[in-house]
>>> print(open('run31.txt').read())   # compact mmCIF, C-alpha atoms and all ligand atoms
# COMPACT_ATOMS: atom_id res chain seq x y z
CA MET A 1 80.65 104.74 56.68
CA ALA A 2 81.05 103.73 60.29
CA PHE A 3 83.70 101.22 59.18
CA GLU A 4 85.66 103.93 57.34
CA LEU A 5 85.52 106.21 60.36
CA ALA A 6 86.81 103.41 62.54
CA ASN A 7 89.71 102.96 60.13
CA VAL A 8 90.50 106.66 60.21
CA ALA A 9 90.46 106.52 64.00
CA HIS A 10 92.80 103.53 63.95
CA ILE A 11 95.22 105.29 61.65
CA ALA A 12 95.14 108.40 63.84
CA VAL A 13 95.90 106.34 66.95
CA LEU A 14 98.76 104.56 65.16
CA MET A 15 100.25 107.86 64.03
CA ILE A 16 100.14 109.20 67.56
CA MET A 17 101.75 106.04 68.93
CA LEU A 18 104.38 105.65 66.23
CA PRO A 19 107.02 107.86 67.90
CA CYS A 20 106.79 105.53 70.95
CA PHE A 21 108.28 102.74 68.87
CA VAL A 22 111.14 104.88 67.57
CA ARG A 23 114.15 104.62 69.87
CA THR A 24 114.69 107.95 71.54
CA THR A 25 117.76 107.49 73.79
CA CYS A 26 120.24 108.52 71.13
CA PRO A 27 120.86 112.24 71.03
CA ASN A 28 121.61 114.18 67.88
CA ILE A 29 125.25 113.80 66.88
CA ILE A 30 126.91 116.43 64.67
CA SER A 31 128.49 114.34 61.91
CA ARG A 32 131.97 114.78 60.49
CA GLN A 33 130.41 116.09 57.32
CA GLU A 34 128.51 118.72 59.32
CA TRP A 35 131.67 120.07 60.96
CA ASN A 36 133.58 119.76 57.70
CA ALA A 37 136.14 117.23 58.94
CA ALA A 38 139.16 116.34 56.83
CA ALA A 39 139.27 112.68 55.76
CA PRO A 40 141.47 110.50 58.00
CA SER A 41 144.82 109.55 56.49
CA SER A 42 144.03 105.98 57.61
CA SER A 43 141.83 104.18 60.11
CA LYS A 44 141.40 100.76 61.66
CA SER A 45 138.75 99.02 63.72
CA LEU A 46 138.88 98.46 67.45
CA ARG A 47 140.51 95.19 68.47
CA GLU A 48 137.74 94.67 71.02
CA ASN A 49 134.40 95.66 69.52
CA PRO A 50 132.10 96.53 71.15
CA PRO A 51 134.63 97.96 73.61
CA SER A 52 134.63 97.48 77.39
CA TYR A 53 135.94 100.91 78.43
CA VAL A 54 134.86 104.53 78.19
CA VAL A 55 137.86 106.83 78.66
CA VAL A 56 136.96 110.44 79.50
CA HIS A 57 139.18 113.36 78.48
CA HIS A 58 139.19 117.14 78.35
CA SER A 59 140.59 119.07 75.39
CA VAL A 60 142.63 121.72 77.27
CA THR A 61 141.45 124.22 74.67
CA ARG A 62 139.09 127.13 75.08
CA MET A 63 135.41 126.35 75.51
CA CYS A 64 132.90 126.67 72.69
CA ASN A 65 129.38 127.83 73.46
CA THR A 66 127.65 127.88 70.10
CA THR A 67 127.37 125.13 67.50
CA GLU A 68 128.99 127.34 64.87
CA ASP A 69 131.96 128.01 67.13
CA CYS A 70 132.23 124.36 68.23
CA LYS A 71 132.43 123.28 64.58
CA LEU A 72 135.36 125.67 64.07
CA LEU A 73 137.04 124.37 67.21
CA MET A 74 136.55 120.78 66.02
CA LYS A 75 138.43 121.69 62.82
CA SER A 76 141.19 123.29 64.87
CA ILE A 77 141.56 120.26 67.18
CA GLN A 78 141.64 117.93 64.17
CA ASN A 79 144.30 120.11 62.53
CA THR A 80 146.47 119.96 65.64
CA HIS A 81 146.08 116.19 65.96
CA MET A 82 146.82 115.51 62.29
CA ASN A 83 149.34 118.20 61.39
CA THR A 84 151.17 118.81 64.68
CA ASN A 85 150.87 115.41 66.36
CA GLY A 86 151.03 113.50 63.07
CA TRP A 87 148.03 111.31 63.92
CA GLU A 88 145.77 109.82 61.25
CA ASP A 89 142.71 111.72 62.47
CA ILE A 90 141.30 113.63 65.43
CA GLY A 91 142.25 111.47 68.42
CA TYR A 92 138.89 110.86 70.11
CA ASN A 93 135.84 108.88 69.09
CA PHE A 94 133.49 111.68 70.16
CA LEU A 95 133.72 115.21 71.56
CA ILE A 96 131.16 117.27 73.47
CA GLY A 97 130.86 121.05 73.28
CA ASN A 98 129.47 123.48 75.81
CA ASP A 99 126.63 124.01 73.34
CA GLY A 100 125.45 120.60 74.63
CA ASN A 101 126.09 118.92 71.30
CA ILE A 102 127.99 115.73 70.62
CA TYR A 103 130.46 115.89 67.73
CA GLU A 104 131.54 112.81 65.83
CA GLY A 105 135.30 112.29 66.01
CA ARG A 106 136.49 108.92 64.75
CA GLY A 107 133.06 107.57 65.60
CA TRP A 108 132.09 104.17 66.97
CA GLY A 109 134.16 101.05 66.39
CA ILE A 110 137.33 102.89 65.34
CA HIS A 111 140.73 102.56 67.02
CA GLY A 112 141.54 105.86 68.74
CA ALA A 113 144.58 107.95 69.67
CA HIS A 114 143.84 109.16 73.19
CA ALA A 115 145.03 106.66 75.82
CA ILE A 116 147.69 104.23 74.62
CA SER A 117 146.67 101.13 76.55
CA TYR A 118 142.96 101.62 75.82
CA ASN A 119 142.97 102.88 72.22
CA ALA A 120 142.11 99.43 70.83
CA ARG A 121 139.35 98.65 73.33
CA SER A 122 137.58 101.84 74.35
CA LEU A 123 135.35 104.66 73.41
CA GLY A 124 137.40 107.85 73.88
CA ILE A 125 135.14 110.80 74.72
CA CYS A 126 136.50 114.32 75.12
CA LEU A 127 134.62 117.17 76.77
CA ILE A 128 135.78 120.43 75.22
CA GLY A 129 137.28 122.83 77.78
CA ASN A 130 139.76 122.77 80.66
CA PHE A 131 138.26 121.08 83.70
CA GLU A 132 141.32 121.51 85.81
CA GLU A 133 140.28 125.17 85.94
CA TYR A 134 136.46 125.11 86.02
CA PRO A 135 133.69 122.50 86.14
CA PRO A 136 131.99 121.09 83.04
CA SER A 137 128.50 122.43 82.40
CA GLU A 138 125.42 120.36 83.15
CA SER A 139 124.62 120.31 79.42
CA GLN A 140 127.99 118.70 78.67
CA LEU A 141 127.53 116.12 81.43
CA GLN A 142 124.02 115.36 80.23
CA ALA A 143 125.32 114.86 76.68
CA LEU A 144 127.98 112.48 78.03
CA ARG A 145 125.31 110.43 79.87
CA GLU A 146 123.17 110.34 76.72
CA LEU A 147 126.09 109.31 74.52
CA ILE A 148 126.92 106.41 76.86
CA ALA A 149 123.24 105.37 77.01
CA CYS A 150 123.01 105.56 73.23
CA SER A 151 126.20 103.51 72.81
CA LEU A 152 124.71 100.78 75.01
CA GLU A 153 121.44 100.84 73.12
CA GLU A 154 123.20 100.61 69.76
CA ASN A 155 125.46 97.79 71.00
CA LYS A 156 128.55 99.98 70.58
CA LEU A 157 129.65 99.35 74.18
CA ILE A 158 129.39 96.24 76.34
CA GLU A 159 126.71 96.35 79.01
CA ASP A 160 129.18 95.81 81.83
CA TYR A 161 131.48 98.62 80.65
CA ASN A 162 134.08 100.43 82.76
CA LEU A 163 134.18 104.23 83.02
CA ILE A 164 137.61 105.77 83.66
CA GLY A 165 139.50 109.05 83.37
CA HIS A 166 142.62 109.42 81.23
CA ASN A 167 144.63 110.12 84.43
CA GLN A 168 144.05 106.51 85.51
CA GLU A 169 145.98 105.34 82.45
CA SER A 170 148.93 107.71 82.45
CA ALA A 171 150.50 110.61 84.34
CA THR A 172 148.26 113.43 83.15
CA LEU A 173 145.85 115.92 84.69
CA CYS A 174 143.32 114.93 82.00
CA PRO A 175 140.25 115.03 82.30
CA GLY A 176 140.84 117.75 84.93
CA LYS A 177 139.96 117.47 88.60
CA TYR A 178 136.43 118.87 88.28
CA LEU A 179 135.41 116.42 85.56
CA TYR A 180 137.27 113.53 87.19
CA ASN A 181 135.55 114.14 90.54
CA GLU A 182 132.22 114.13 88.72
CA ILE A 183 132.65 110.83 86.82
CA LYS A 184 133.99 109.17 89.99
CA THR A 185 130.43 109.37 91.34
CA TRP A 186 128.87 107.71 88.27
CA SER A 187 127.85 104.08 88.02
CA HIS A 188 130.34 101.93 86.10
CA PHE A 189 133.26 104.08 87.30
CA ASN A 190 136.16 101.68 87.84
CA ASN A 191 138.68 102.65 90.48
CA ASN A 192 141.05 99.88 89.50
CA PRO A 193 141.05 99.53 85.70
CA LYS A 194 142.94 96.72 84.02
ZN ZN B 201 143.15 112.86 77.90
>>> encode(input="run31.txt", output="structure tokens", more="lines below")
Ligand SMILES: [Zn+2]
Amino acid sequence: MAFELANVAHIAVLMIMLPCFVRTTCPNIISRQEWNAAAPSSSKSLRENPPSYVVVHHSVTRMCNTTEDCKLLMKSIQNTHMNTNGWEDIGYNFLIGNDGNIYEGRGWGIHGAHAISYNARSLGICLIGNFEEYPPSESQLQALRELIACSLEENKLIEDYNLIGHNQESATLCPGKYLYNEIKTWSHFNNNPK
């Protein structure tokens, strides 16, 4: 009897400890299926995988504050990229709404359409909104930090990665002065990207 009780106690302790062994850095990511994405017309892998750069963008669209609304906006951004721009898919690897959620774009390991000289060797992450006009919310910035941490943990980004804004690659205001000034203070920001 005492033996059985000891076993029960052991099992209880294991069950309590189990979540400690489950990796917890990765945040929830709203999948393409969840936001009802259209299938890409084609796709190819990154040339450099895992990539060495994170390129940060803003969408220059309205903001979205609820998950339901962000899903609709994701559809709209994908439509513009595929039907107006003629791209094979939504341009970015991931997007982040003001609901604090991360939305799967092309996903990890896929060649992007967001910054010509980095498309084959970066993770392109777009924060939804216009950060030339107002600052990103703390929940969006937190989601960006978590997505980068998760990418490192999952070996989807090299450890010694470089963080840059789109404006460092070409003549654009993207990712907007408020967001750019923020990421400039982060570790791994590279003032002189190659
Ligand atoms: Zn951009």
>>> residues_near_ligand(input="run31.txt", ligand="ligand ZN 201 (chain B)", cutoff="6 Å", atoms="all atoms listed in the file", output="JSON, numbers by chain")
{"A": [57, 58, 166, 174, 175]}
>>> residues_around(input="run31.txt", residues="Lys177 of chain A", least_positions_apart="2", cutoff="7 Å", atoms="only C-alpha atoms", output="list in words")
Phe131, Glu132, Pro175, Leu179, Tyr180 and Asn181 of chain A
>>> residues_around(input="run31.txt", residues="segment 37-50 of chain A", least_positions_apart="3", cutoff="8 Å", atoms="only C-alpha atoms", output="list of chain:residue names")
A:Arg32, A:Gln33, A:Glu34, A:Met74, A:Lys75, A:Gln78, A:Glu88, A:Asp89, A:Gly109, A:Ile110, A:His111, A:Gly112, A:Asn119, A:Ala120, A:Arg121, A:Ser122, A:Asn155, A:Lys156, A:Leu157, A:Ile158
>>> closest_residue(input="run31.txt", among="A:Gly124, A:Gly107, A:Gly91, A:Pro193", to="Leu144 of chain A", atoms="only C-alpha atoms")
A:Gly124
>>> residues_near_point(input="run31.txt", point="(123.7, 102.7, 79.1)", cutoff="10 Å", atoms="only C-alpha atoms", output="PyMOL selection string")
chain A and resi 25+145-155+157-161+187-188
>>> atom_distance(input="run31.txt", atom1="atom CA of Tyr178 of chain A", atom2="atom CA of Pro135 of chain A")
5.0 Å
>>> closest_residue(input="run31.txt", among="A:Ser139, A:Ser170, A:Asn162, A:Asn79", to="Ile183 of chain A", atoms="only C-alpha atoms")
A:Asn162
>>> residues_around(input="run31.txt", residues="Gln140 of chain A", least_positions_apart="6", cutoff="9 Å", atoms="only C-alpha atoms", output="ChimeraX atom specification")
/A:96-102,127-128
>>> residues_around(input="run31.txt", residues="Asn192 of chain A", least_positions_apart="6", cutoff="12 Å", atoms="all atoms listed in the file", output="list in words")
Asn162, Leu163, Ile164, Gly165, Asn167, Gln168, Glu169 and Lys184 of chain A
>>> atom_distance(input="run31.txt", atom1="atom CA of Leu173 of chain A", atom2="atom CA of Ala143 of chain A")
22.1 Å
>>> axis_aligned_box(input="run31.txt", around="segment 102-107 of chain A", padding_each_side="3 Å", output="AutoDock Vina command-line options")
--center_x 132.2 --center_y 111.7 --center_z 67.7 --size_x 14.5 --size_y 14.3 --size_z 11.9
>>> closest_residue(input="run31.txt", among="A:Asn83, A:Asn93, A:Asn28, A:Ser137", to="Val55 of chain A", atoms="all atoms listed in the file")
A:Asn93
>>> atom_distance(input="run31.txt", atom1="atom CA of Asn130 of chain A", atom2="atom CA of Val60 of chain A")
4.6 Å
>>> closest_residue(input="run31.txt", among="A:Pro27, A:Glu138, A:Ala171, A:Ser76", to="Ile116 of chain A", atoms="all atoms listed in the file")
A:Ala171
